[in-house]
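Asker: Structure file entry-v7.cif (mmCIF, C-alpha atoms and all ligand atoms) is given on the next line.
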```
data_structure
loop_
_atom_site.label_atom_id
_atom_site.label_comp_id
_atom_site.auth_asym_id
_atom_site.auth_seq_id
_atom_site.Cartn_x
_atom_site.Cartn_y
_atom_site.Cartn_z
CA MET A 1 94.83 102.78 95.53
CA PRO A 2 96.62 102.23 98.83
CA ASN A 3 99.06 99.35 99.01
CA PHE A 4 97.40 95.94 99.37
CA SER A 5 100.41 93.89 98.31
CA LEU A 6 100.69 91.96 101.59
CA PRO A 7 98.05 89.37 102.53
CA ASP A 8 96.13 89.71 105.79
CA SER A 9 98.00 86.68 107.17
CA VAL A 10 101.22 88.76 107.36
CA PHE A 11 99.56 91.27 109.69
CA ALA A 12 97.71 88.61 111.66
CA GLU A 13 100.99 86.83 112.40
CA ALA A 14 102.66 90.13 113.36
CA ALA A 15 99.78 90.88 115.75
CA ARG A 16 100.28 87.44 117.33
CA GLN A 17 103.95 88.24 117.96
CA PHE A 18 103.70 91.87 119.08
CA PRO A 19 101.15 93.77 121.16
CA THR A 20 99.21 96.43 119.27
CA PRO A 21 99.56 99.20 118.36
CA PHE A 22 102.72 98.98 116.26
CA TYR A 23 103.98 99.97 112.83
CA LEU A 24 104.77 97.24 110.34
CA TYR A 25 107.16 98.05 107.47
CA ASP A 26 107.64 95.89 104.39
CA GLU A 27 111.33 95.51 103.52
CA GLY A 28 110.66 93.98 100.10
CA GLY A 29 108.33 96.81 99.12
CA ILE A 30 110.81 99.47 100.19
CA ARG A 31 113.65 97.85 98.27
CA SER A 32 111.62 97.50 95.09
CA THR A 33 110.56 101.15 95.22
CA VAL A 34 114.19 102.27 95.56
CA ARG A 35 115.17 100.06 92.62
CA ALA A 36 112.38 101.41 90.43
CA LEU A 37 113.44 104.99 91.19
CA ARG A 38 117.09 104.27 90.41
CA LYS A 39 116.11 102.57 87.17
CA ALA A 40 113.95 105.53 86.10
CA PHE A 41 116.95 107.86 86.53
CA ALA A 42 119.68 105.46 85.40
CA TRP A 43 120.23 107.61 82.28
CA ASN A 44 121.91 110.21 84.55
CA LYS A 45 125.29 108.91 85.57
CA GLY A 46 125.51 110.96 88.78
CA PHE A 47 121.97 110.19 89.96
CA LYS A 48 121.54 109.71 93.70
CA GLU A 49 118.54 109.56 96.00
CA TYR A 50 119.14 111.03 99.46
CA TYR A 51 116.36 109.49 101.50
CA ALA A 52 114.68 112.14 103.69
CA VAL A 53 115.51 110.83 107.17
CA LYS A 54 112.68 112.76 108.79
CA ALA A 55 110.13 110.59 106.97
CA LEU A 56 111.11 107.38 108.79
CA PRO A 57 114.08 107.88 111.10
CA ASN A 58 114.79 104.29 112.04
CA PRO A 59 118.40 103.09 111.62
CA ARG A 60 117.32 99.72 110.21
CA ILE A 61 115.35 101.46 107.45
CA LEU A 62 118.20 103.90 106.82
CA SER A 63 120.61 100.97 106.46
CA ILE A 64 118.35 99.45 103.82
CA MET A 65 118.52 102.76 101.94
CA LEU A 66 122.33 102.78 102.10
CA GLU A 67 122.47 99.13 100.97
CA GLU A 68 120.34 100.11 97.96
CA GLY A 69 122.79 102.86 97.00
CA CYS A 70 120.98 105.85 98.48
CA GLY A 71 122.38 108.64 100.61
CA LEU A 72 120.57 110.34 103.49
CA ASP A 73 119.06 113.80 103.69
CA CYS A 74 119.43 115.17 107.23
CA SER A 75 118.30 118.41 108.77
CA SER A 76 119.13 118.30 112.46
CA GLU A 77 121.84 117.18 114.85
CA CYS A 78 119.99 113.96 115.71
CA GLU A 79 119.46 113.11 112.05
CA LEU A 80 123.18 113.61 111.46
CA LEU A 81 123.86 111.29 114.41
CA LEU A 82 121.49 108.72 112.91
CA ALA A 83 123.37 108.94 109.60
CA GLU A 84 126.67 108.49 111.44
CA ARG A 85 125.30 105.52 113.33
CA VAL A 86 124.42 103.66 110.15
CA GLY A 87 127.83 104.41 108.63
CA ALA A 88 126.89 107.14 106.14
CA LYS A 89 129.86 109.34 105.33
CA GLY A 90 130.78 112.41 103.32
CA GLU A 91 128.84 112.67 100.08
CA ASP A 92 126.31 110.10 101.31
CA ILE A 93 124.88 112.86 103.48
CA MET A 94 122.97 115.94 102.37
CA PHE A 95 122.44 118.50 105.11
CA SER A 96 119.49 120.75 104.33
CA ALA A 97 118.33 122.45 107.47
CA ASN A 98 116.75 125.87 107.71
CA ALA A 99 116.93 128.40 110.58
CA MET A 100 119.84 126.22 111.57
CA PRO A 101 121.65 126.29 114.91
CA PRO A 102 125.25 127.21 113.89
CA HIS A 103 126.90 124.25 115.65
CA GLU A 104 124.97 121.90 113.35
CA PHE A 105 126.78 123.42 110.38
CA ALA A 106 130.07 122.65 112.09
CA MET A 107 128.96 119.10 112.78
CA ALA A 108 127.81 118.53 109.20
CA ARG A 109 131.11 119.94 107.89
CA GLU A 110 133.06 117.66 110.19
CA MET A 111 131.20 114.72 108.65
CA ASN A 112 131.97 116.10 105.17
CA ALA A 113 128.27 116.21 104.34
CA ILE A 114 127.10 118.20 101.33
CA ILE A 115 125.79 121.49 102.70
CA ASN A 116 122.55 122.87 101.30
CA LEU A 117 122.27 126.51 102.36
CA ASP A 118 118.76 127.83 102.95
CA ASP A 119 119.47 131.56 103.27
CA ILE A 120 122.06 134.09 102.18
CA SER A 121 122.95 134.76 105.83
CA ASP A 122 123.92 131.08 106.14
CA ILE A 123 127.08 131.82 104.14
CA GLU A 124 128.57 133.91 106.95
CA THR A 125 127.46 131.35 109.54
CA LEU A 126 128.99 128.46 107.62
CA LYS A 127 132.22 130.43 107.19
CA ASN A 128 132.43 130.77 110.96
CA TYR A 129 131.13 127.31 111.87
CA GLY A 130 132.91 124.59 109.97
CA GLY A 131 134.16 126.64 107.04
CA ILE A 132 133.17 126.90 103.37
CA PRO A 133 133.63 123.69 101.34
CA GLU A 134 134.60 123.57 97.66
CA THR A 135 131.08 122.62 96.53
CA VAL A 136 128.01 124.19 98.10
CA CYS A 137 124.32 123.77 97.36
CA LEU A 138 121.84 126.66 97.44
CA ARG A 139 118.13 126.18 98.00
CA PHE A 140 116.09 128.17 95.50
CA ASN A 141 112.78 129.96 96.05
CA PRO A 142 111.42 131.54 92.85
CA GLY A 143 108.54 133.23 94.70
CA GLY A 144 105.04 133.49 93.26
CA VAL A 145 103.11 130.40 92.28
CA PHE A 146 104.63 127.27 90.78
CA GLY A 147 102.79 125.25 88.13
CA GLY A 148 100.81 125.73 84.94
CA ASP A 149 97.82 128.03 84.54
CA ASN A 150 95.19 125.76 86.04
CA ASP A 151 97.24 123.21 87.92
CA ILE A 152 98.98 125.00 90.77
CA MET A 153 101.56 122.75 92.39
CA GLY A 154 102.79 124.97 95.17
CA VAL A 155 103.05 128.54 96.36
CA PRO A 156 106.76 129.25 96.89
CA GLY A 157 105.95 132.93 97.55
CA ASP A 158 104.48 131.88 100.90
CA SER A 159 107.19 129.38 101.78
CA LYS A 160 109.89 130.04 104.34
CA TYR A 161 112.60 128.25 102.36
CA GLY A 162 115.35 129.22 100.02
CA PHE A 163 117.18 132.08 98.29
CA THR A 164 115.41 134.54 95.98
CA PRO A 165 116.65 134.61 92.36
CA ARG A 166 118.71 137.74 93.07
CA GLN A 167 120.17 136.19 96.23
CA ILE A 168 121.34 133.15 94.26
CA LEU A 169 123.53 135.45 92.13
CA GLU A 170 124.74 137.49 95.10
CA GLY A 171 125.37 134.37 97.13
CA LEU A 172 127.44 132.70 94.44
CA ASP A 173 129.62 135.81 94.08
CA ILE A 174 130.29 135.82 97.80
CA LEU A 175 130.93 132.07 97.85
CA LYS A 176 133.34 132.34 94.92
CA GLY A 177 135.31 134.93 96.86
CA LEU A 178 135.46 132.43 99.75
CA GLY A 179 136.99 129.69 97.60
CA VAL A 180 133.98 127.76 96.30
CA THR A 181 134.76 126.03 92.97
CA GLY A 182 131.33 124.65 92.00
CA PHE A 183 127.74 124.56 93.17
CA GLY A 184 124.46 122.72 93.22
CA ILE A 185 120.92 124.05 93.32
CA HIS A 186 117.98 122.68 95.31
CA GLY A 187 114.24 123.23 94.97
CA PHE A 188 111.19 121.88 96.80
CA LEU A 189 108.14 123.62 95.35
CA ALA A 190 105.29 121.13 95.80
CA SER A 191 104.38 118.46 98.30
CA ASN A 192 102.67 115.09 97.86
CA THR A 193 102.03 115.49 94.14
CA ARG A 194 101.55 112.49 91.86
CA ASP A 195 101.55 114.75 88.80
CA ALA A 196 104.23 113.49 86.39
CA ALA A 197 104.82 117.10 85.25
CA TYR A 198 106.15 118.29 88.63
CA TYR A 199 109.74 116.99 88.60
CA PRO A 200 110.32 117.82 84.90
CA ARG A 201 109.07 121.41 85.40
CA LEU A 202 111.15 121.77 88.53
CA ALA A 203 114.21 120.38 86.73
CA ALA A 204 113.72 122.88 83.88
CA LEU A 205 113.41 125.78 86.32
CA LEU A 206 116.44 124.74 88.38
CA LEU A 207 118.55 124.18 85.27
CA ASP A 208 117.59 127.54 83.72
CA THR A 209 118.26 129.37 86.95
CA ALA A 210 121.49 127.58 87.72
CA LEU A 211 122.96 127.71 84.21
CA ASP A 212 122.33 131.45 84.12
CA ALA A 213 123.93 131.82 87.56
CA SER A 214 126.83 129.64 86.41
CA ARG A 215 127.51 131.89 83.41
CA LYS A 216 127.32 135.02 85.53
CA SER A 217 129.45 133.71 88.39
CA GLY A 218 131.87 131.63 86.35
CA LEU A 219 131.25 128.71 88.75
CA PRO A 220 130.37 125.32 87.25
CA LEU A 221 127.03 123.72 88.08
CA ARG A 222 127.65 120.27 89.55
CA PHE A 223 124.15 119.03 90.46
CA ILE A 224 120.49 119.86 90.71
CA ASN A 225 118.58 118.54 93.72
CA LEU A 226 114.90 117.95 92.96
CA SER A 227 114.31 117.18 96.62
CA GLY A 228 111.07 115.51 97.79
CA GLY A 229 107.44 116.04 96.97
CA ILE A 230 106.41 113.06 94.84
CA GLY A 231 103.15 111.83 96.30
CA ILE A 232 101.43 108.51 96.91
CA PRO A 233 97.83 107.37 96.39
CA TYR A 234 96.29 107.72 99.86
CA LEU A 235 92.74 107.52 98.45
CA PRO A 236 91.24 104.36 96.94
CA ASP A 237 90.58 106.00 93.57
CA GLU A 238 94.03 107.55 93.19
CA GLN A 239 96.75 106.24 90.88
CA PRO A 240 100.39 105.94 91.92
CA ALA A 241 102.93 108.36 90.45
CA ASP A 242 104.44 106.97 87.23
CA ILE A 243 108.12 107.02 88.12
CA ASP A 244 109.32 105.94 84.66
CA LEU A 245 107.35 108.77 83.06
CA ILE A 246 108.76 111.19 85.63
CA GLY A 247 112.33 110.03 84.96
CA GLU A 248 111.77 110.37 81.22
CA GLY A 249 110.28 113.86 81.64
CA VAL A 250 113.30 114.98 83.64
CA ARG A 251 115.59 113.49 80.97
CA LYS A 252 113.87 115.62 78.31
CA ALA A 253 114.19 118.79 80.40
CA TYR A 254 117.85 117.93 81.03
CA ARG A 255 118.62 117.40 77.33
CA LYS A 256 116.78 120.60 76.42
CA ALA A 257 118.85 122.65 78.88
CA LEU A 258 122.19 120.85 78.60
CA GLY A 259 122.25 119.25 75.15
CA GLU A 260 124.84 116.46 75.13
CA ARG A 261 126.42 117.49 78.44
CA ASP A 262 126.12 114.85 81.14
CA ASP A 263 128.30 116.30 83.88
CA VAL A 264 125.41 117.64 85.98
CA ALA A 265 124.18 115.06 88.48
CA ILE A 266 120.56 114.73 89.52
CA TYR A 267 119.77 114.24 93.16
CA THR A 268 116.43 113.56 94.83
CA GLU A 269 115.43 113.59 98.50
CA LEU A 270 112.23 111.62 98.41
CA GLY A 271 110.68 110.51 101.67
CA ARG A 272 106.97 109.84 101.30
CA TYR A 273 107.29 108.21 97.88
CA MET A 274 109.98 105.78 99.09
CA THR A 275 108.43 104.37 102.25
CA GLY A 276 104.93 105.82 102.67
CA PRO A 277 102.97 102.92 101.12
CA HIS A 278 105.20 100.31 102.80
CA GLY A 279 104.18 101.06 106.39
CA TRP A 280 100.94 100.27 108.24
CA LEU A 281 99.82 101.26 111.70
CA VAL A 282 98.39 98.05 113.16
CA THR A 283 95.82 98.71 115.85
CA ARG A 284 93.00 96.88 117.61
CA ALA A 285 89.32 97.76 118.09
CA MET A 286 88.84 98.43 121.81
CA HIS A 287 85.62 100.29 122.30
CA LEU A 288 82.37 100.97 120.53
CA LYS A 289 80.34 103.98 121.49
CA ASP A 290 76.87 104.44 120.03
CA ILE A 291 75.63 108.00 120.62
CA HIS A 292 74.77 110.56 117.93
CA LYS A 293 77.27 108.73 115.77
CA GLN A 294 79.10 105.43 116.07
CA PHE A 295 82.57 105.95 117.51
CA LEU A 296 84.95 103.06 117.10
CA GLY A 297 87.82 103.43 119.60
CA VAL A 298 91.15 101.79 118.77
CA ASP A 299 94.33 101.37 120.81
CA ALA A 300 96.36 103.75 118.61
CA CYS A 301 95.79 107.49 118.69
CA ALA A 302 96.99 110.68 117.03
CA SER A 303 100.25 110.44 119.02
CA ASN A 304 101.08 107.46 116.80
CA LEU A 305 99.90 109.01 113.52
CA MET A 306 99.02 112.67 113.58
CA ARG A 307 98.39 113.38 109.89
CA PRO A 308 94.59 112.93 110.08
CA ALA A 309 94.31 115.15 113.17
CA MET A 310 96.79 117.72 111.90
CA TYR A 311 95.91 118.03 108.22
CA GLY A 312 92.60 116.18 107.97
CA ALA A 313 94.62 113.74 105.85
CA TYR A 314 92.91 110.62 104.52
CA HIS A 315 94.44 107.30 105.54
CA HIS A 316 92.75 104.20 104.25
CA ILE A 317 91.60 101.74 106.93
CA SER A 318 90.97 98.08 106.43
CA VAL A 319 89.74 95.46 108.87
CA LEU A 320 91.77 92.28 108.96
CA GLY A 321 89.94 89.28 107.53
CA LYS A 322 87.06 91.44 106.31
CA ARG A 323 88.42 92.95 103.11
CA GLU A 324 85.65 91.37 101.06
CA ALA A 325 82.85 91.94 103.60
CA PRO A 326 80.24 94.60 102.80
CA HIS A 327 81.37 98.05 103.94
CA ASP A 328 78.00 98.97 105.36
CA THR A 329 78.66 100.47 108.79
CA LEU A 330 79.47 104.14 109.28
CA TYR A 331 82.13 104.90 111.90
CA ASP A 332 84.30 107.64 113.24
CA VAL A 333 87.51 105.79 114.12
CA THR A 334 89.02 107.42 117.17
CA GLY A 335 91.96 107.26 119.55
CA ALA A 336 91.91 107.88 123.29
CA LEU A 337 93.30 111.42 123.42
CA CYS A 338 91.21 114.03 125.22
CA GLU A 339 91.19 115.99 122.00
CA ASN A 340 88.20 115.78 119.69
CA ASN A 341 90.28 115.80 116.51
CA ASP A 342 91.90 112.50 117.57
CA LYS A 343 90.14 110.67 114.75
CA PHE A 344 91.77 108.46 112.14
CA ALA A 345 88.63 108.65 110.03
CA VAL A 346 85.34 110.54 110.08
CA ASP A 347 82.17 109.04 108.55
CA ARG A 348 84.05 106.05 107.14
CA LEU A 349 82.14 103.04 105.82
CA LEU A 350 83.75 99.87 107.14
CA PRO A 351 82.68 96.28 107.57
CA LYS A 352 80.96 95.72 110.90
CA VAL A 353 83.78 95.66 113.45
CA GLU A 354 83.89 93.38 116.51
CA MET A 355 85.92 94.30 119.57
CA GLY A 356 89.39 92.76 119.22
CA ASP A 357 89.40 93.05 115.42
CA ILE A 358 92.70 94.25 113.96
CA LEU A 359 92.56 97.41 111.87
CA LEU A 360 95.25 98.46 109.42
CA ILE A 361 95.78 102.16 108.91
CA HIS A 362 97.47 102.33 105.54
CA ASP A 363 100.24 104.53 104.14
CA GLY A 364 101.95 105.27 107.46
CA GLY A 365 105.46 104.45 106.26
CA ALA A 366 106.48 108.11 105.96
CA HIS A 367 105.70 111.04 108.26
CA GLY A 368 103.81 108.53 110.43
CA PHE A 369 105.70 107.25 113.46
CA ALA A 370 108.17 110.07 112.84
CA MET A 371 105.67 112.80 113.70
CA GLY A 372 104.65 111.05 116.91
CA TYR A 373 104.50 112.74 120.27
CA GLN A 374 103.47 112.03 123.86
CA TYR A 375 100.49 114.26 124.42
CA ASN A 376 98.16 113.08 127.16
CA GLY A 377 100.81 110.64 128.33
CA ARG A 378 100.15 108.40 125.31
CA LEU A 379 103.45 106.89 124.30
CA ARG A 380 105.11 106.08 121.01
CA SER A 381 104.56 102.60 119.64
CA ALA A 382 106.93 99.86 118.53
CA GLU A 383 108.14 99.48 114.93
CA VAL A 384 108.40 96.06 113.29
CA LEU A 385 110.14 95.18 110.05
CA TYR A 386 108.57 92.44 107.92
CA ARG A 387 111.76 91.14 106.37
CA GLN A 388 112.26 89.66 102.96
CA ASP A 389 112.99 86.29 104.55
CA GLY A 390 109.50 86.31 106.08
CA GLN A 391 110.73 87.00 109.63
CA TYR A 392 109.46 89.81 111.83
CA GLN A 393 112.10 92.00 113.41
CA LEU A 394 111.38 94.43 116.22
CA ILE A 395 113.34 97.52 115.12
CA ARG A 396 112.12 99.84 117.88
CA ARG A 397 110.44 98.84 121.12
CA ALA A 398 107.40 100.68 122.38
CA GLU A 399 107.99 103.47 124.89
CA THR A 400 107.28 102.73 128.53
CA PRO A 401 106.34 105.03 131.42
CA GLU A 402 110.06 104.94 132.39
CA ASP A 403 110.87 106.61 129.06
CA TYR A 404 108.21 109.21 129.71
CA PHE A 405 109.73 110.07 133.09
CA ALA A 406 113.36 109.81 131.97
CA THR A 407 113.83 113.51 131.18
CA LEU A 408 112.27 114.88 134.37
CA LEU A 409 114.54 116.44 137.00
C1 LIG B 1 110.60 116.77 104.07
C2 LIG B 1 111.69 116.94 103.11
C3 LIG B 1 111.89 116.01 102.07
C4 LIG B 1 110.98 114.83 101.82
O1 LIG B 1 109.71 115.21 101.48
P1 LIG B 1 108.63 114.14 100.97
O2 LIG B 1 107.40 114.94 100.80
O3 LIG B 1 108.53 113.11 102.04
O4 LIG B 1 109.15 113.56 99.71
C5 LIG B 1 112.96 116.22 101.23
N1 LIG B 1 113.81 117.26 101.40
C6 LIG B 1 113.67 118.16 102.38
C7 LIG B 1 114.64 119.27 102.51
C8 LIG B 1 112.60 118.04 103.26
O5 LIG B 1 112.44 118.95 104.24
#
```
With the file now loaded, output its structure as structure tokens.
Ligand SMILES: *Cc1c(COP(=O)(O)O)cnc(C)c1O
Answerer:
Amino acid sequence: MPNFSLPDSVFAEAARQFPTPFYLYDEGGIRSTVRALRKAFAWNKGFKEYYAVKALPNPRILSIMLEEGCGLDCSSECELLLAERVGAKGEDIMFSANAMPPHEFAMAREMNAIINLDDISDIETLKNYGGIPETVCLRFNPGGVFGGDNDIMGVPGDSKYGFTPRQILEGLDILKGLGVTGFGIHGFLASNTRDAAYYPRLAALLLDTALDASRKSGLPLRFINLSGGIGIPYLPDEQPADIDLIGEGVRKAYRKALGERDDVAIYTELGRYMTGPHGWLVTRAMHLKDIHKQFLGVDACASNLMRPAMYGAYHHISVLGKREAPHDTLYDVTGALCENNDKFAVDRLLPKVEMGDILLIHDGGAHGFAMGYQYNGRLRSAEVLYRQDGQYQLIRRAETPEDYFATLL
């Protein structure tokens, strides 16, 4: 079930204060999700969540994450600059880029970020750009298919990320020769999964791989990074991931691999799970077109939320003030791009919509605004934080034509 924790009045008031379209984020919801995650992993004394900046790269949101004890996972120069801007330092930053421009290594090293190498060739690059730190993380790609017999979770064999098993061993030998004294291992083998078996299986695989590599290299394992991938219920009949069960499953895998040892920290880099349900794209019905189908045009478009156009992803839509009304009218909900896949929903039953009605597009708090673009001269929207004190704070203004023209020479 998508997140219906805020009453319609919260969105109605926001839409009185700010022109649509805009994103609304719920501070209280974000904070309680972080706390639940930290509680589920409290048994691990080194546990730390590095929020995936790419999911919602707004400094105000990133500050909330830091206040709640999280670090930040960055993978580009601008994301490092964002982390710097909100005061993240050293071990509060994980840098896990791939196909990385060398100067970004140097920048991440200068900030003392933890470096997560994606490829064996990165070792030479890091040596030349910023230098090799004492602790390095390696991203692991086991190849093949990841999951049980009938419940495939991901296909690492097709993924562009990580070191092969053999390269992990080779890489650690090289790194040891360059002065490394300990390492971490990172894996991201499934995306948007609510299956409570994913993290525990990943933890078991990373621990097996890394403990073997540790014995062979003589380098101690300092952490495993389970990365992102925990999903959210986008569809009305889906259940949320059970974070306590996930934490407990990882604890069992940890005990099985490490016995009484507790010197290996667990890191996560969740994005979607942390903020996805706590953001809504607030848009207004602008246009109704009755041809072979009914097309309901709204003032947001795929430039504001591209997941439906790009992946055919389902985002729940509700009509403000009509939650209880019969959902008896079939619409395609569209934006204004000259691009026929600019549809937030296809064949969606909604209450009968009047022009001017406010629509909420749910679960846009991660990979929503962040994936925005300016195709067709449609500009990025504002972002508003619904604070815990009940106030609305504009945390990013909408783009204007001046912004659109600002880079032209
Ligand atoms: C995108 C990404 C994440 C976050 O993924 P979610 O699916 O949002 O949890 C974490 N780590 C890395 C390296 C990523 O690229």
Asker: Would you mind listing, for every residue of region 39-61 of chain A within 12 Å of region 263-269 of chain A, the two atoms forming the shortest contact and the distance between them in Å to one decimal, using only C-alpha atoms, sorted by chain and ascending residue number, as JSON lines?
Answerer:
```
{"residue": "A:Ala40", "atom": "CA", "partner": "A:Ile266", "partner_atom": "CA", "distance": 11.8}
{"residue": "A:Phe41", "atom": "CA", "partner": "A:Ile266", "partner_atom": "CA", "distance": 8.3}
{"residue": "A:Ala42", "atom": "CA", "partner": "A:Ile266", "partner_atom": "CA", "distance": 10.2}
{"residue": "A:Trp43", "atom": "CA", "partner": "A:Ile266", "partner_atom": "CA", "distance": 10.2}
{"residue": "A:Asn44", "atom": "CA", "partner": "A:Ala265", "partner_atom": "CA", "distance": 6.6}
{"residue": "A:Lys45", "atom": "CA", "partner": "A:Ala265", "partner_atom": "CA", "distance": 6.9}
{"residue": "A:Gly46", "atom": "CA", "partner": "A:Ala265", "partner_atom": "CA", "distance": 4.3}
{"residue": "A:Phe47", "atom": "CA", "partner": "A:Ile266", "partner_atom": "CA", "distance": 4.8}
{"residue": "A:Lys48", "atom": "CA", "partner": "A:Tyr267", "partner_atom": "CA", "distance": 4.9}
{"residue": "A:Glu49", "atom": "CA", "partner": "A:Thr268", "partner_atom": "CA", "distance": 4.7}
{"residue": "A:Tyr50", "atom": "CA", "partner": "A:Glu269", "partner_atom": "CA", "distance": 4.6}
{"residue": "A:Tyr51", "atom": "CA", "partner": "A:Glu269", "partner_atom": "CA", "distance": 5.2}
{"residue": "A:Ala52", "atom": "CA", "partner": "A:Glu269", "partner_atom": "CA", "distance": 5.4}
{"residue": "A:Val53", "atom": "CA", "partner": "A:Glu269", "partner_atom": "CA", "distance": 9.1}
{"residue": "A:Lys54", "atom": "CA", "partner": "A:Glu269", "partner_atom": "CA", "distance": 10.7}
{"residue": "A:Ala55", "atom": "CA", "partner": "A:Glu269", "partner_atom": "CA", "distance": 10.4}
```
Asker: Would you mind telling me which residue in A:Ser227, A:Thr400, A:Gln239, A:Asn304 lies nearest to Tyr23 (chain A) when using all atoms listed in the file?
Answerer: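 Nearest to Tyr23 (chain A): A:Asn304.
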Asker: Using all atoms listed in the file, which protein or nucleic acid residues come within 8 Å of Val145 (chain A)? Drop anything in the same chain fewer than 2 positions from it, and give the result as a PDB file with C-alpha atoms, in the frame of the given file.
Answerer:
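That gives us part37.pdb:
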```pdb
ATOM      1  CA  GLY A 143     108.540 133.230  94.700  1.00  0.00           C
ATOM      2  CA  GLY A 147     102.790 125.250  88.130  1.00  0.00           C
ATOM      3  CA  ILE A 152      98.980 125.000  90.770  1.00  0.00           C
ATOM      4  CA  MET A 153     101.560 122.750  92.390  1.00  0.00           C
ATOM      5  CA  GLY A 154     102.790 124.970  95.170  1.00  0.00           C
ATOM      6  CA  VAL A 155     103.050 128.540  96.360  1.00  0.00           C
ATOM      7  CA  PRO A 156     106.760 129.250  96.890  1.00  0.00           C
ATOM      8  CA  GLY A 157     105.950 132.930  97.550  1.00  0.00           C
TER       9      GLY A 157
END
```
Asker: Box along x, y and z, 6 Å on every side, all listed atoms of ligand LIG 1 (chain B) inside: centre and edge lengths in Å to one decimal, as AutoDock Vina command-line options.
Answerer:
```
--center_x 111.0 --center_y 116.2 --center_z 102.0 --size_x 19.2 --size_y 18.2 --size_z 16.5
```
Asker: Given all atoms listed in the file, how would the per-residue table for chain A near ligand LIG 1 (chain B) read, listing every residue at most 8 Å away with its closest atom pair and distance in Å to one decimal, sorted by chain and number, as a tab-separated table?
Answerer:
```
residue	atom	partner	partner_atom	distance
A:Tyr51	CA	B:LIG1	C5	7.5
A:Ala52	CA	B:LIG1	C4	4.9
A:Lys54	CA	B:LIG1	C1	6.5
A:Ala55	CA	B:LIG1	O3	5.8
A:Asp73	CA	B:LIG1	N1	6.7
A:Cys74	CA	B:LIG1	C7	7.9
A:Ser75	CA	B:LIG1	C7	7.3
A:Ser96	CA	B:LIG1	C7	5.4
A:Ala97	CA	B:LIG1	C7	7.0
A:Phe188	CA	B:LIG1	N1	7.0
A:Ser191	CA	B:LIG1	O2	5.3
A:Asn192	CA	B:LIG1	O2	5.6
A:Ser227	CA	B:LIG1	N1	4.8
A:Gly228	CA	B:LIG1	O4	3.3
A:Gly229	CA	B:LIG1	O2	4.0
A:Ile230	CA	B:LIG1	O4	5.6
A:Gly231	CA	B:LIG1	O2	6.9
A:Thr268	CA	B:LIG1	C5	7.8
A:Glu269	CA	B:LIG1	C5	4.5
A:Leu270	CA	B:LIG1	O4	3.9
A:Gly271	CA	B:LIG1	O3	3.4
A:Arg272	CA	B:LIG1	O3	3.7
A:Tyr273	CA	B:LIG1	O4	6.0
A:Met274	CA	B:LIG1	O4	7.8
A:Ala366	CA	B:LIG1	O3	6.7
A:His367	CA	B:LIG1	O3	7.1
```
Asker: From (93.4, 106.8, 98.5), in the file's coordinates, out to 9 Å: which residues are reached, counting all atoms listed in the file? Answer as an NGL selection string.
Answerer: :A and (1-2 or 232-239 or 314-316)
Asker: Save out the residues we just selected, C-alpha atoms, as an mmCIF file, keeping the file's coordinate frame.
Answerer:
```cif
data_model
loop_
_atom_site.group_PDB
_atom_site.id
_atom_site.type_symbol
_atom_site.label_atom_id
_atom_site.label_comp_id
_atom_site.auth_asym_id
_atom_site.auth_seq_id
_atom_site.Cartn_x
_atom_site.Cartn_y
_atom_site.Cartn_z
ATOM 1 C CA MET A 1 94.830 102.780 95.530
ATOM 2 C CA PRO A 2 96.620 102.230 98.830
ATOM 3 C CA ILE A 232 101.430 108.510 96.910
ATOM 4 C CA PRO A 233 97.830 107.370 96.390
ATOM 5 C CA TYR A 234 96.290 107.720 99.860
ATOM 6 C CA LEU A 235 92.740 107.520 98.450
ATOM 7 C CA PRO A 236 91.240 104.360 96.940
ATOM 8 C CA ASP A 237 90.580 106.000 93.570
ATOM 9 C CA GLU A 238 94.030 107.550 93.190
ATOM 10 C CA GLN A 239 96.750 106.240 90.880
ATOM 11 C CA TYR A 314 92.910 110.620 104.520
ATOM 12 C CA HIS A 315 94.440 107.300 105.540
ATOM 13 C CA HIS A 316 92.750 104.200 104.250
#
```
Asker: So what do you get for CA of Phe140 (chain A) versus CA of Gly187 (chain A), distance-wise?
Answerer: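 Computing the Euclidean distance for CA of Phe140 (chain A) and CA of Gly187 (chain A) yields 5.3 Å.
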Asker: Between CA of Arg38 (chain A) and CA of Asp8 (chain A), what is the distance, to one decimal in Å?
Answerer: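 Separating CA of Arg38 (chain A) from CA of Asp8 (chain A) is a distance of 29.8 Å.
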Asker: Applying 6 Å and all atoms listed in the file, which residues near Asp342 (chain A) remain after dropping the ones on its own chain fewer than 5 positions away? List them as a ChimeraX atom specification.
Answerer: /A:302,309,334-335
Asker: Distance CA of Asp119 (chain A)-CA of Tyr198 (chain A), one decimal place?
Answerer: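 Separation between CA of Asp119 (chain A) and CA of Tyr198 (chain A): 23.8 Å.
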Asker: What lies within 8 Å of region 121-129 of chain A using all atoms listed in the file, ignoring chain neighbours under 3 positions off, as a ChimeraX atom specification?
Answerer: /A:102-103,105-106,117-118,132,171,175
Asker: Around (87.0, 102.3, 113.9), as given in the file, which residues come within 10 Å? Count only C-alpha atoms and list them as an NGL selection string.
Answerer: :A and (283-288 or 294-298 or 317-319 or 329-335 or 343-355 or 357-359)
Asker: With distances taken over only C-alpha atoms, which residue among A:Phe183, A:Phe95, A:Phe11, A:Phe163 lies nearest Cys137 (chain A)?
Answerer: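 Residue with the minimum atom-to-atom distance to Cys137 (chain A): A:Phe183.
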Asker: Give the answer as one residue: which of A:Ile246, A:Leu305, A:Met310, A:Met100 has the shortest atom-to-atom distance to Ser381 (chain A), using only C-alpha atoms?
Answerer: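 For Ser381 (chain A), the nearest of the given residues is A:Leu305.
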